[in-house]
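Here the structure comes first, spelled out in structure tokens, and everything after it is commentary.
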Amino acid sequence: MKHRRLLGRASVFVFLAFICPIAALAQQTIRLRVDATEAPRKIYHAELTLPASAGPMTLFYPKWIPGEHAPTGPVTDLAGLKILAGGRPLEWKRDSVELYGFHINVPRGATSVDVKLDFLSTAETSGYSSGASATSELAIVSWNQLILYPQGKASDEIQVDAELRLPDGWKFGTALPVARSNGNAVQFKAVSLTTLVDSPVLAGRHFRRFELSPGATPAHYLDVAADTEQALNASPELIDRFKKLVKEAHAIFGATHYREYHFLVALSDEIAHFGLEHHESSDDRSRENYLTDPVSQMVGAGLLPHEFVHSWNGKYRRPDGLATRDFEQPMKGDLLWVYEGLTEYIGWVLTARSGLRSPELNRQFLALDAATLDNRAGREWRSLADTAIAAQLLYEARSDWEASRRSVDFYDEGLLIWLEADTIIRRQTQGRKSMEDFCRAFYGGSNGPPEVRPYSFDSLAEALNAVAPFDWKEFFQTRINRIGTNRAPLGGLEAAGYRLVYVDRASEALRGAEQIRQNTSAEFSIGLRLNPEGAIVDVLPEKPAARAGIGPGMKIVSVNERKYSGEILREEIREAKKTGVLDLTVANGKSISTYRLNYRDGEKYPVLERNGQPAILDEILKPLSR
Ligand SMILES: [Zn+2]
């Protein structure tokens, strides 16, 4: 509370007195002062001064969050809201339909209103950027959670002058330009509301910055905050791979659209784990040992490449349905199979080209994704296009019945489709061109600061056609609109020299993923995904367990009369090759029953195996830069 007072009214008056001569600027600029000194106990305080004029006014809390593709602005956790004019409280009323809008009446003579608000942060790890974002040691400050702006104004038209107070001794990283900092108080340069919301701040007690392109312009930084000092000790070899990632991305796109780029890496076992792209930075959150444990790094190696690619595919070039003018207009996700799918493909390519994963491991992870998609019963009723349109629902969908519901499949299935597109470009041009040529043409251009260039499906197809003449519209439409089959689009894999097959030994990728995620996969054999206690996370409807009557939420108690463990289940699946049956005793709430599975195929784990075609996939994964 002490720091909060220091950020309060006295300094505002000083500031206003200073800027009054340039009243035009003051007219358009929101002053925002955020007190993050209590982030470790999960509450933030903000004070704003917004230009205003007499009459009705509606203040809006950001609702549609860029990159989350959904109305996930955490308005439930906006608290302590007080709106004042000339020091007097104003009555506010929430709009009864648009719950993110707050109506006020600005009194005569007032030229600004002051707003005080708290943001109630959480320890719960669901909910992406509104999920757990602060620990005793670090915090990620997402500005959208701490601001109100005049409803109806485009975010490009609003300037914000932000100040941030951090816990004592914490350091920070951000792409937001700093005007000056003094101890734990940071004054940022005034930027548009678009840029502010696009530029989170990562701060922490244990903080380390690695330069990834020393001496070059634009600069690239790996800013890491972690729960412990040891977690910052990335090996020089790993840092070299991140440097290579920057080089390899430049080799693909040919130009950059940022002034500098910051990977903001937060490492903690207590925070939500995900990545959120921004134009000049990415909010990358992972386990505490992400940079220091080889298995943790291997499993999560695709995170930074994916988010980095978004600076081009997603931020610079954006589907017109996602390029909204403010944080109120609904986003349309119909082209997310480009936004996320192509990013997933290029990110996967870069993961190998940078050395973050060997080509072999990269193929193993692709096999896992391809197999999951090749067992999606939900294809019978739902197209890939529908998963993109319904993205805002599917990001939050539960994991039970996922195979029947489908999930945000436009990521990994998008990867498969874009791999196929790459093989088509190579075939149509007799190997003279590849997806890189499309990337340079569509996402390259000239170096410069952030800019958004929206595109439509038609302009995407035209741009591809300019690289390699082909019926691209038909190519994509048949793949994204297909229903009534349970098979994934594996044509790209086949054309690139590989086929998806199942073997009886789990790959290094699968064993690593199981270790990190602490689950057991028997999905491609009997069709069960389980947690360590034997609780069934999901069933694959076409597989023996589901056919025997087992469903998600049940719990395996014993396997062939042996007490359940993941290892025992696997032993008995192997044993069933001889007997042809597997008896699972399963608890369903208070009732316990035994289900007999007729099964004799043993363990089944997906891998990619060479087919008779040239190994184009291997060519694709080779680095471009020296
Ligand atoms: Zn993404």
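Order determines the names: the first chain of the structure tokens is A, the second B, and so forth; residues in each chain are numbered 1 upward, and ligands are numbered 1 upward as they are shown.
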For the structure I just gave you, how does DSSP split region 126-209 of chain A - specifically, which residues are strand (DSSP E or B)? Reply as a PyMOL selection string. chain A and resi 134+138-141+149-150+159-165+171-174+178-182+185-188+191-192+201-204+206-209
Any chance you could tabulate, as JSON lines, the residues of chain A at most 10 Å from ligand 1 with each one's nearest atom pair and distance in Å to one decimal, using only C-alpha atoms and all ligand atoms, in chain and rising number order?
```
{"residue": "A:Gly67", "atom": "CA", "partner": "ligand 1", "partner_atom_place_in_ligand_line": "1 (Zn)", "distance": 7.1}
{"residue": "A:Glu68", "atom": "CA", "partner": "ligand 1", "partner_atom_place_in_ligand_line": "1 (Zn)", "distance": 8.6}
{"residue": "A:His69", "atom": "CA", "partner": "ligand 1", "partner_atom_place_in_ligand_line": "1 (Zn)", "distance": 10.0}
{"residue": "A:Phe274", "atom": "CA", "partner": "ligand 1", "partner_atom_place_in_ligand_line": "1 (Zn)", "distance": 9.6}
{"residue": "A:Gly275", "atom": "CA", "partner": "ligand 1", "partner_atom_place_in_ligand_line": "1 (Zn)", "distance": 7.4}
{"residue": "A:Leu276", "atom": "CA", "partner": "ligand 1", "partner_atom_place_in_ligand_line": "1 (Zn)", "distance": 7.0}
{"residue": "A:Glu277", "atom": "CA", "partner": "ligand 1", "partner_atom_place_in_ligand_line": "1 (Zn)", "distance": 6.7}
{"residue": "A:Leu303", "atom": "CA", "partner": "ligand 1", "partner_atom_place_in_ligand_line": "1 (Zn)", "distance": 9.0}
{"residue": "A:Pro305", "atom": "CA", "partner": "ligand 1", "partner_atom_place_in_ligand_line": "1 (Zn)", "distance": 9.9}
{"residue": "A:His306", "atom": "CA", "partner": "ligand 1", "partner_atom_place_in_ligand_line": "1 (Zn)", "distance": 6.2}
{"residue": "A:Glu307", "atom": "CA", "partner": "ligand 1", "partner_atom_place_in_ligand_line": "1 (Zn)", "distance": 6.0}
{"residue": "A:Phe308", "atom": "CA", "partner": "ligand 1", "partner_atom_place_in_ligand_line": "1 (Zn)", "distance": 9.2}
{"residue": "A:Val309", "atom": "CA", "partner": "ligand 1", "partner_atom_place_in_ligand_line": "1 (Zn)", "distance": 8.5}
{"residue": "A:His310", "atom": "CA", "partner": "ligand 1", "partner_atom_place_in_ligand_line": "1 (Zn)", "distance": 6.6}
{"residue": "A:Asn313", "atom": "CA", "partner": "ligand 1", "partner_atom_place_in_ligand_line": "1 (Zn)", "distance": 9.1}
{"residue": "A:Gly314", "atom": "CA", "partner": "ligand 1", "partner_atom_place_in_ligand_line": "1 (Zn)", "distance": 8.0}
{"residue": "A:Leu336", "atom": "CA", "partner": "ligand 1", "partner_atom_place_in_ligand_line": "1 (Zn)", "distance": 9.2}
{"residue": "A:Tyr339", "atom": "CA", "partner": "ligand 1", "partner_atom_place_in_ligand_line": "1 (Zn)", "distance": 7.3}
{"residue": "A:Glu340", "atom": "CA", "partner": "ligand 1", "partner_atom_place_in_ligand_line": "1 (Zn)", "distance": 4.9}
{"residue": "A:Gly341", "atom": "CA", "partner": "ligand 1", "partner_atom_place_in_ligand_line": "1 (Zn)", "distance": 8.1}
{"residue": "A:Leu342", "atom": "CA", "partner": "ligand 1", "partner_atom_place_in_ligand_line": "1 (Zn)", "distance": 9.4}
{"residue": "A:Thr343", "atom": "CA", "partner": "ligand 1", "partner_atom_place_in_ligand_line": "1 (Zn)", "distance": 6.5}
{"residue": "A:Glu344", "atom": "CA", "partner": "ligand 1", "partner_atom_place_in_ligand_line": "1 (Zn)", "distance": 7.1}
{"residue": "A:Gly347", "atom": "CA", "partner": "ligand 1", "partner_atom_place_in_ligand_line": "1 (Zn)", "distance": 9.4}
{"residue": "A:Tyr411", "atom": "CA", "partner": "ligand 1", "partner_atom_place_in_ligand_line": "1 (Zn)", "distance": 7.8}
```
Limited to N, CA and C atoms, could you put the picked residues into a file as a compact mmCIF listing (two decimals), in the first residue's frame?
```txt
# COMPACT_ATOMS: atom_id res chain seq x y z
N GLY A 67 -4.18 -12.93 -30.29
CA GLY A 67 -3.38 -14.14 -30.09
C GLY A 67 -4.13 -15.22 -29.33
N GLU A 68 -5.08 -14.81 -28.48
CA GLU A 68 -5.90 -15.82 -27.79
C GLU A 68 -7.14 -16.13 -28.63
N HIS A 69 -7.39 -15.29 -29.62
CA HIS A 69 -8.48 -15.51 -30.58
C HIS A 69 -9.83 -15.72 -29.90
N PHE A 274 2.18 -21.77 -21.54
CA PHE A 274 1.71 -21.57 -22.91
C PHE A 274 2.61 -20.50 -23.52
N GLY A 275 2.34 -20.16 -24.75
CA GLY A 275 3.07 -19.05 -25.37
C GLY A 275 2.05 -18.11 -25.98
N LEU A 276 2.35 -16.84 -25.94
CA LEU A 276 1.45 -15.87 -26.58
C LEU A 276 2.30 -14.93 -27.42
N GLU A 277 1.93 -14.86 -28.69
CA GLU A 277 2.73 -14.10 -29.64
C GLU A 277 2.44 -12.62 -29.57
N LEU A 303 8.29 -24.37 -28.67
CA LEU A 303 7.59 -23.18 -28.18
C LEU A 303 8.14 -21.86 -28.76
N PRO A 305 10.31 -21.27 -31.32
CA PRO A 305 10.18 -21.15 -32.79
C PRO A 305 8.76 -20.79 -33.23
N HIS A 306 7.77 -21.44 -32.63
CA HIS A 306 6.37 -21.15 -33.01
C HIS A 306 6.03 -19.68 -32.75
N GLU A 307 6.31 -19.21 -31.56
CA GLU A 307 5.92 -17.83 -31.22
C GLU A 307 6.71 -16.81 -32.06
N PHE A 308 7.95 -17.13 -32.37
CA PHE A 308 8.77 -16.21 -33.18
C PHE A 308 8.17 -16.07 -34.59
N VAL A 309 7.78 -17.21 -35.17
CA VAL A 309 7.20 -17.19 -36.52
C VAL A 309 5.96 -16.29 -36.56
N HIS A 310 5.25 -16.24 -35.45
CA HIS A 310 4.03 -15.40 -35.41
C HIS A 310 4.31 -13.92 -35.64
N ASN A 313 3.80 -14.34 -39.34
CA ASN A 313 2.52 -14.97 -39.69
C ASN A 313 1.57 -14.87 -38.50
N GLY A 314 0.78 -13.82 -38.48
CA GLY A 314 -0.13 -13.63 -37.37
C GLY A 314 -0.14 -12.17 -36.93
N LEU A 336 -7.66 -19.59 -39.16
CA LEU A 336 -6.66 -20.00 -38.16
C LEU A 336 -5.81 -21.19 -38.63
N TYR A 339 -3.05 -19.04 -39.89
CA TYR A 339 -2.42 -18.30 -38.78
C TYR A 339 -1.68 -19.25 -37.85
N GLU A 340 -2.34 -20.30 -37.40
CA GLU A 340 -1.69 -21.24 -36.48
C GLU A 340 -1.08 -22.43 -37.22
N GLY A 341 -1.74 -22.88 -38.29
CA GLY A 341 -1.27 -24.08 -38.98
C GLY A 341 0.06 -23.87 -39.69
N LEU A 342 0.18 -22.78 -40.46
CA LEU A 342 1.44 -22.53 -41.14
C LEU A 342 2.53 -22.17 -40.12
N THR A 343 2.15 -21.48 -39.04
CA THR A 343 3.11 -21.17 -37.98
C THR A 343 3.64 -22.45 -37.35
N GLU A 344 2.73 -23.40 -37.16
CA GLU A 344 3.14 -24.69 -36.59
C GLU A 344 4.11 -25.40 -37.54
N GLY A 347 7.40 -23.30 -37.66
CA GLY A 347 8.00 -23.45 -36.33
C GLY A 347 8.63 -24.82 -36.16
N TYR A 411 -3.99 -26.47 -35.63
CA TYR A 411 -2.53 -26.37 -35.43
C TYR A 411 -1.82 -27.52 -36.17
```
What lies within 12 Å of region 213-216 of chain A using only C-alpha atoms, ignoring chain neighbours under 5 positions off, as JSON, numbers by chain? {"A": [221, 222, 239, 240, 241, 242, 243, 244, 245, 246, 247, 250, 259, 260, 261, 262]}
Please build the interface table for region 441-559 of chain A against region 179-198 of chain A with a cut-off of 12 Å, listing for each qualifying residue the nearest atom pair and the distance in Å to one decimal; count only C-alpha atoms, order rows by chain and increasing number, and write it as CSV.
```
residue,atom,partner,partner_atom,distance
A:Pro449,CA,A:Thr195,CA,11.2
A:Pro450,CA,A:Thr195,CA,8.9
A:Glu451,CA,A:Thr195,CA,10.5
A:Val452,CA,A:Thr194,CA,11.0
```
Close residues, Arg353 (chain A) itself excluded, 7 Å, only C-alpha atoms, min 5 positions apart in chain, as a JSON list (two decimals) with N, CA and C atoms, in the first residue's frame:
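Saved the output as around_36.json:
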```
[["chain", "number", "residue", "atom", "x", "y", "z"],
["A", 248, "GLU", "N", 17.98, -18.59, -38.82],
["A", 248, "GLU", "CA", 17.21, -19.45, -39.72],
["A", 248, "GLU", "C", 15.85, -18.82, -40.06],
["A", 621, "LEU", "N", 14.26, -30.19, -43.47],
["A", 621, "LEU", "CA", 14.75, -29.94, -42.11],
["A", 621, "LEU", "C", 16.22, -29.49, -42.06],
["A", 622, "LYS", "N", 16.87, -29.41, -43.22],
["A", 622, "LYS", "CA", 18.28, -28.96, -43.23],
["A", 622, "LYS", "C", 18.37, -27.45, -43.10],
["A", 623, "PRO", "N", 19.35, -26.96, -42.31],
["A", 623, "PRO", "CA", 19.49, -25.50, -42.13],
["A", 623, "PRO", "C", 19.78, -24.79, -43.45]]
```
Counting only C-alpha atoms, give me one row per residue of region 571-610 of chain A with an atom at most 8 Å from an atom of region 499-512 of chain A, showing the shortest contact pair and its distance in Å to one decimal, sorted by chain then residue number, as JSON lines.
```
{"residue": "A:Gly602", "atom": "CA", "partner": "A:Asp504", "partner_atom": "CA", "distance": 7.0}
{"residue": "A:Glu603", "atom": "CA", "partner": "A:Asp504", "partner_atom": "CA", "distance": 4.8}
{"residue": "A:Lys604", "atom": "CA", "partner": "A:Asp504", "partner_atom": "CA", "distance": 5.0}
{"residue": "A:Tyr605", "atom": "CA", "partner": "A:Tyr502", "partner_atom": "CA", "distance": 5.0}
{"residue": "A:Pro606", "atom": "CA", "partner": "A:Tyr502", "partner_atom": "CA", "distance": 4.4}
{"residue": "A:Val607", "atom": "CA", "partner": "A:Val501", "partner_atom": "CA", "distance": 5.6}
{"residue": "A:Leu608", "atom": "CA", "partner": "A:Leu500", "partner_atom": "CA", "distance": 4.8}
{"residue": "A:Glu609", "atom": "CA", "partner": "A:Arg499", "partner_atom": "CA", "distance": 5.3}
{"residue": "A:Arg610", "atom": "CA", "partner": "A:Arg499", "partner_atom": "CA", "distance": 6.3}
```
So that I have them on file, write out the residues from the current selection with all heavy atoms, as a PDB file, in the first residue's frame.
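Saved as selection-v8.pdb:
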```pdb
ATOM      1  N   GLY A 602      -0.854 -56.157 -29.296  1.00  0.00           N
ATOM      2  CA  GLY A 602       0.301 -55.695 -28.518  1.00  0.00           C
ATOM      3  C   GLY A 602       0.372 -54.173 -28.440  1.00  0.00           C
ATOM      4  O   GLY A 602      -0.591 -53.470 -28.747  1.00  0.00           O
ATOM      5  N   GLU A 603       1.534 -53.697 -28.019  1.00  0.00           N
ATOM      6  CA  GLU A 603       1.708 -52.244 -27.896  1.00  0.00           C
ATOM      7  C   GLU A 603       1.815 -51.619 -29.283  1.00  0.00           C
ATOM      8  O   GLU A 603       2.335 -52.251 -30.215  1.00  0.00           O
ATOM      9  CB  GLU A 603       2.986 -51.952 -27.106  1.00  0.00           C
ATOM     10  CG  GLU A 603       2.884 -52.336 -25.638  1.00  0.00           C
ATOM     11  CD  GLU A 603       4.092 -51.852 -24.879  1.00  0.00           C
ATOM     12  OE1 GLU A 603       5.108 -52.572 -24.878  1.00  0.00           O
ATOM     13  OE2 GLU A 603       4.024 -50.754 -24.300  1.00  0.00           O
ATOM     14  N   LYS A 604       1.330 -50.408 -29.401  1.00  0.00           N
ATOM     15  CA  LYS A 604       1.397 -49.711 -30.690  1.00  0.00           C
ATOM     16  C   LYS A 604       1.783 -48.256 -30.468  1.00  0.00           C
ATOM     17  O   LYS A 604       1.084 -47.519 -29.782  1.00  0.00           O
ATOM     18  CB  LYS A 604       0.043 -49.780 -31.414  1.00  0.00           C
ATOM     19  CG  LYS A 604      -0.284 -51.175 -31.935  1.00  0.00           C
ATOM     20  CD  LYS A 604      -1.631 -51.208 -32.615  1.00  0.00           C
ATOM     21  CE  LYS A 604      -1.546 -50.747 -34.056  1.00  0.00           C
ATOM     22  NZ  LYS A 604      -2.847 -50.942 -34.757  1.00  0.00           N
ATOM     23  N   TYR A 605       2.910 -47.895 -31.053  1.00  0.00           N
ATOM     24  CA  TYR A 605       3.381 -46.523 -30.928  1.00  0.00           C
ATOM     25  C   TYR A 605       3.716 -45.983 -32.316  1.00  0.00           C
ATOM     26  O   TYR A 605       4.350 -46.677 -33.120  1.00  0.00           O
ATOM     27  CB  TYR A 605       4.622 -46.466 -30.033  1.00  0.00           C
ATOM     28  CG  TYR A 605       4.360 -47.033 -28.656  1.00  0.00           C
ATOM     29  CD1 TYR A 605       4.884 -48.269 -28.289  1.00  0.00           C
ATOM     30  CD2 TYR A 605       3.558 -46.341 -27.748  1.00  0.00           C
ATOM     31  CE1 TYR A 605       4.630 -48.796 -27.030  1.00  0.00           C
ATOM     32  CE2 TYR A 605       3.300 -46.866 -26.496  1.00  0.00           C
ATOM     33  CZ  TYR A 605       3.835 -48.093 -26.138  1.00  0.00           C
ATOM     34  OH  TYR A 605       3.580 -48.623 -24.914  1.00  0.00           O
ATOM     35  N   PRO A 606       3.309 -44.747 -32.590  1.00  0.00           N
ATOM     36  CA  PRO A 606       3.510 -44.225 -33.940  1.00  0.00           C
ATOM     37  C   PRO A 606       4.944 -43.774 -34.198  1.00  0.00           C
ATOM     38  O   PRO A 606       5.586 -43.188 -33.324  1.00  0.00           O
ATOM     39  CB  PRO A 606       2.556 -43.022 -33.985  1.00  0.00           C
ATOM     40  CG  PRO A 606       2.398 -42.603 -32.567  1.00  0.00           C
ATOM     41  CD  PRO A 606       2.578 -43.832 -31.713  1.00  0.00           C
ATOM     42  N   VAL A 607       5.423 -44.069 -35.385  1.00  0.00           N
ATOM     43  CA  VAL A 607       6.700 -43.526 -35.880  1.00  0.00           C
ATOM     44  C   VAL A 607       6.549 -43.264 -37.370  1.00  0.00           C
ATOM     45  O   VAL A 607       5.594 -43.727 -37.997  1.00  0.00           O
ATOM     46  CB  VAL A 607       7.892 -44.508 -35.679  1.00  0.00           C
ATOM     47  CG1 VAL A 607       8.250 -44.641 -34.220  1.00  0.00           C
ATOM     48  CG2 VAL A 607       7.598 -45.854 -36.312  1.00  0.00           C
ATOM     49  N   LEU A 608       7.465 -42.510 -37.911  1.00  0.00           N
ATOM     50  CA  LEU A 608       7.493 -42.308 -39.356  1.00  0.00           C
ATOM     51  C   LEU A 608       8.541 -43.247 -39.941  1.00  0.00           C
ATOM     52  O   LEU A 608       9.640 -43.382 -39.399  1.00  0.00           O
ATOM     53  CB  LEU A 608       7.831 -40.859 -39.702  1.00  0.00           C
ATOM     54  CG  LEU A 608       6.844 -39.800 -39.209  1.00  0.00           C
ATOM     55  CD1 LEU A 608       7.273 -38.423 -39.682  1.00  0.00           C
ATOM     56  CD2 LEU A 608       5.425 -40.115 -39.663  1.00  0.00           C
ATOM     57  N   GLU A 609       8.167 -43.876 -41.053  1.00  0.00           N
ATOM     58  CA  GLU A 609       9.055 -44.830 -41.693  1.00  0.00           C
ATOM     59  C   GLU A 609       9.226 -44.384 -43.139  1.00  0.00           C
ATOM     60  O   GLU A 609       8.286 -43.874 -43.733  1.00  0.00           O
ATOM     61  CB  GLU A 609       8.338 -46.187 -41.613  1.00  0.00           C
ATOM     62  CG  GLU A 609       9.019 -47.340 -42.238  1.00  0.00           C
ATOM     63  CD  GLU A 609       8.087 -48.573 -42.170  1.00  0.00           C
ATOM     64  OE1 GLU A 609       8.162 -49.297 -41.167  1.00  0.00           O
ATOM     65  OE2 GLU A 609       7.287 -48.774 -43.105  1.00  0.00           O
ATOM     66  N   ARG A 610      10.408 -44.558 -43.686  1.00  0.00           N
ATOM     67  CA  ARG A 610      10.634 -44.154 -45.070  1.00  0.00           C
ATOM     68  C   ARG A 610       9.758 -44.954 -46.017  1.00  0.00           C
ATOM     69  O   ARG A 610       9.598 -46.161 -45.849  1.00  0.00           O
ATOM     70  CB  ARG A 610      12.111 -44.367 -45.428  1.00  0.00           C
ATOM     71  CG  ARG A 610      13.043 -43.386 -44.766  1.00  0.00           C
ATOM     72  CD  ARG A 610      13.115 -42.043 -45.495  1.00  0.00           C
ATOM     73  NE  ARG A 610      13.835 -42.158 -46.765  1.00  0.00           N
ATOM     74  CZ  ARG A 610      13.264 -41.994 -47.964  1.00  0.00           C
ATOM     75  NH1 ARG A 610      11.977 -41.709 -48.070  1.00  0.00           N
ATOM     76  NH2 ARG A 610      13.983 -42.112 -49.049  1.00  0.00           N
TER      77      ARG A 610
END
```
What separation in Å, quoted to one decimal, exists between CA of Val160 (chain A) and CA of Thr49 (chain A)? 9.9 Å
Of the candidates A:Trp337, A:Leu528, A:Ala123, A:Gly553, which shows the shortest atom-to-atom distance to Phe476 (chain A), using only C-alpha atoms?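 The answer is A:Trp337, which sits nearest to Phe476 (chain A).
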Non-local contacts of Thr478 (chain A) (12 Å; only C-alpha atoms; under 5 positions in same chain excluded) as a ChimeraX atom specification: /A:383-385,417,471-473,483,489
Generate a file of the selected residues that holds N, CA, C and O atoms, formatted as a compact mmCIF listing (two decimals), in the first residue's frame.
```txt
# COMPACT_ATOMS: atom_id res chain seq x y z
N SER A 383 -15.64 -30.67 -39.64
CA SER A 383 -14.52 -30.37 -40.53
C SER A 383 -13.42 -29.62 -39.77
O SER A 383 -13.67 -29.04 -38.71
N LEU A 384 -12.24 -29.61 -40.36
CA LEU A 384 -11.16 -28.81 -39.79
C LEU A 384 -11.56 -27.33 -39.77
O LEU A 384 -11.29 -26.60 -38.81
N ALA A 385 -12.22 -26.90 -40.85
CA ALA A 385 -12.66 -25.50 -40.92
C ALA A 385 -13.54 -25.15 -39.72
O ALA A 385 -13.43 -24.05 -39.17
N ILE A 417 -1.10 -30.12 -43.61
CA ILE A 417 -1.59 -29.57 -44.88
C ILE A 417 -0.54 -28.65 -45.50
O ILE A 417 -0.30 -28.67 -46.71
N ASP A 471 -4.11 -25.19 -58.44
CA ASP A 471 -5.45 -24.85 -57.96
C ASP A 471 -5.44 -24.87 -56.42
O ASP A 471 -5.95 -25.80 -55.79
N TRP A 472 -4.86 -23.83 -55.84
CA TRP A 472 -4.69 -23.80 -54.39
C TRP A 472 -6.00 -23.71 -53.65
O TRP A 472 -6.15 -24.27 -52.56
N LYS A 473 -6.96 -23.02 -54.21
CA LYS A 473 -8.26 -22.91 -53.52
C LYS A 473 -8.88 -24.29 -53.35
O LYS A 473 -9.34 -24.65 -52.27
N ILE A 483 -15.43 -33.97 -44.34
CA ILE A 483 -15.97 -34.73 -43.19
C ILE A 483 -16.27 -36.15 -43.66
O ILE A 483 -16.13 -36.47 -44.84
N PRO A 489 -5.13 -35.89 -43.12
CA PRO A 489 -4.52 -35.63 -44.42
C PRO A 489 -3.02 -35.90 -44.37
O PRO A 489 -2.24 -35.05 -43.96
```
From the set A:Asp156, A:Glu561, A:Glu237, A:Glu571, which residue has the shortest atom-to-atom contact distance to Asp583 (chain A), counting only C-alpha atoms?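 For Asp583 (chain A), the nearest of the given residues is A:Glu561.
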Kindly indicate which residue among A:Val141, A:Val97, A:Ile147, A:Ala134 lies nearest to Val75 (chain A), using only C-alpha atoms for the distances.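 For Val75 (chain A), the nearest of the given residues is A:Ile147.
The spacing separating CA of Asn447 (chain A) from CA of Tyr258 (chain A) amounts to 7.9 Å.
Nearest residue to Gly302 (chain A), choosing from A:Leu617, A:Leu356, A:His257, A:Lys332 and counting only C-alpha atoms: A:Leu356.
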Distance CA of Pro71 (chain A)-CA of Ile389 (chain A), one decimal place? 13.7 Å
Go through A:Val295, A:Ala154, A:Ala323, A:Ala132 one by one, measure the shortest atom-to-atom distance of each to Ser268 (chain A) using only C-alpha atoms, and give the residue with the smallest value.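 With only C-alpha atoms as the atom set, the closest residue is A:Ala132.
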For Thr372 (chain A): contacts at 9 Å, only C-alpha atoms, fewer than 2 positions along chain excluded, given as number ranges by chain: A: 367-370, 374-376, 403, 488, 523-524
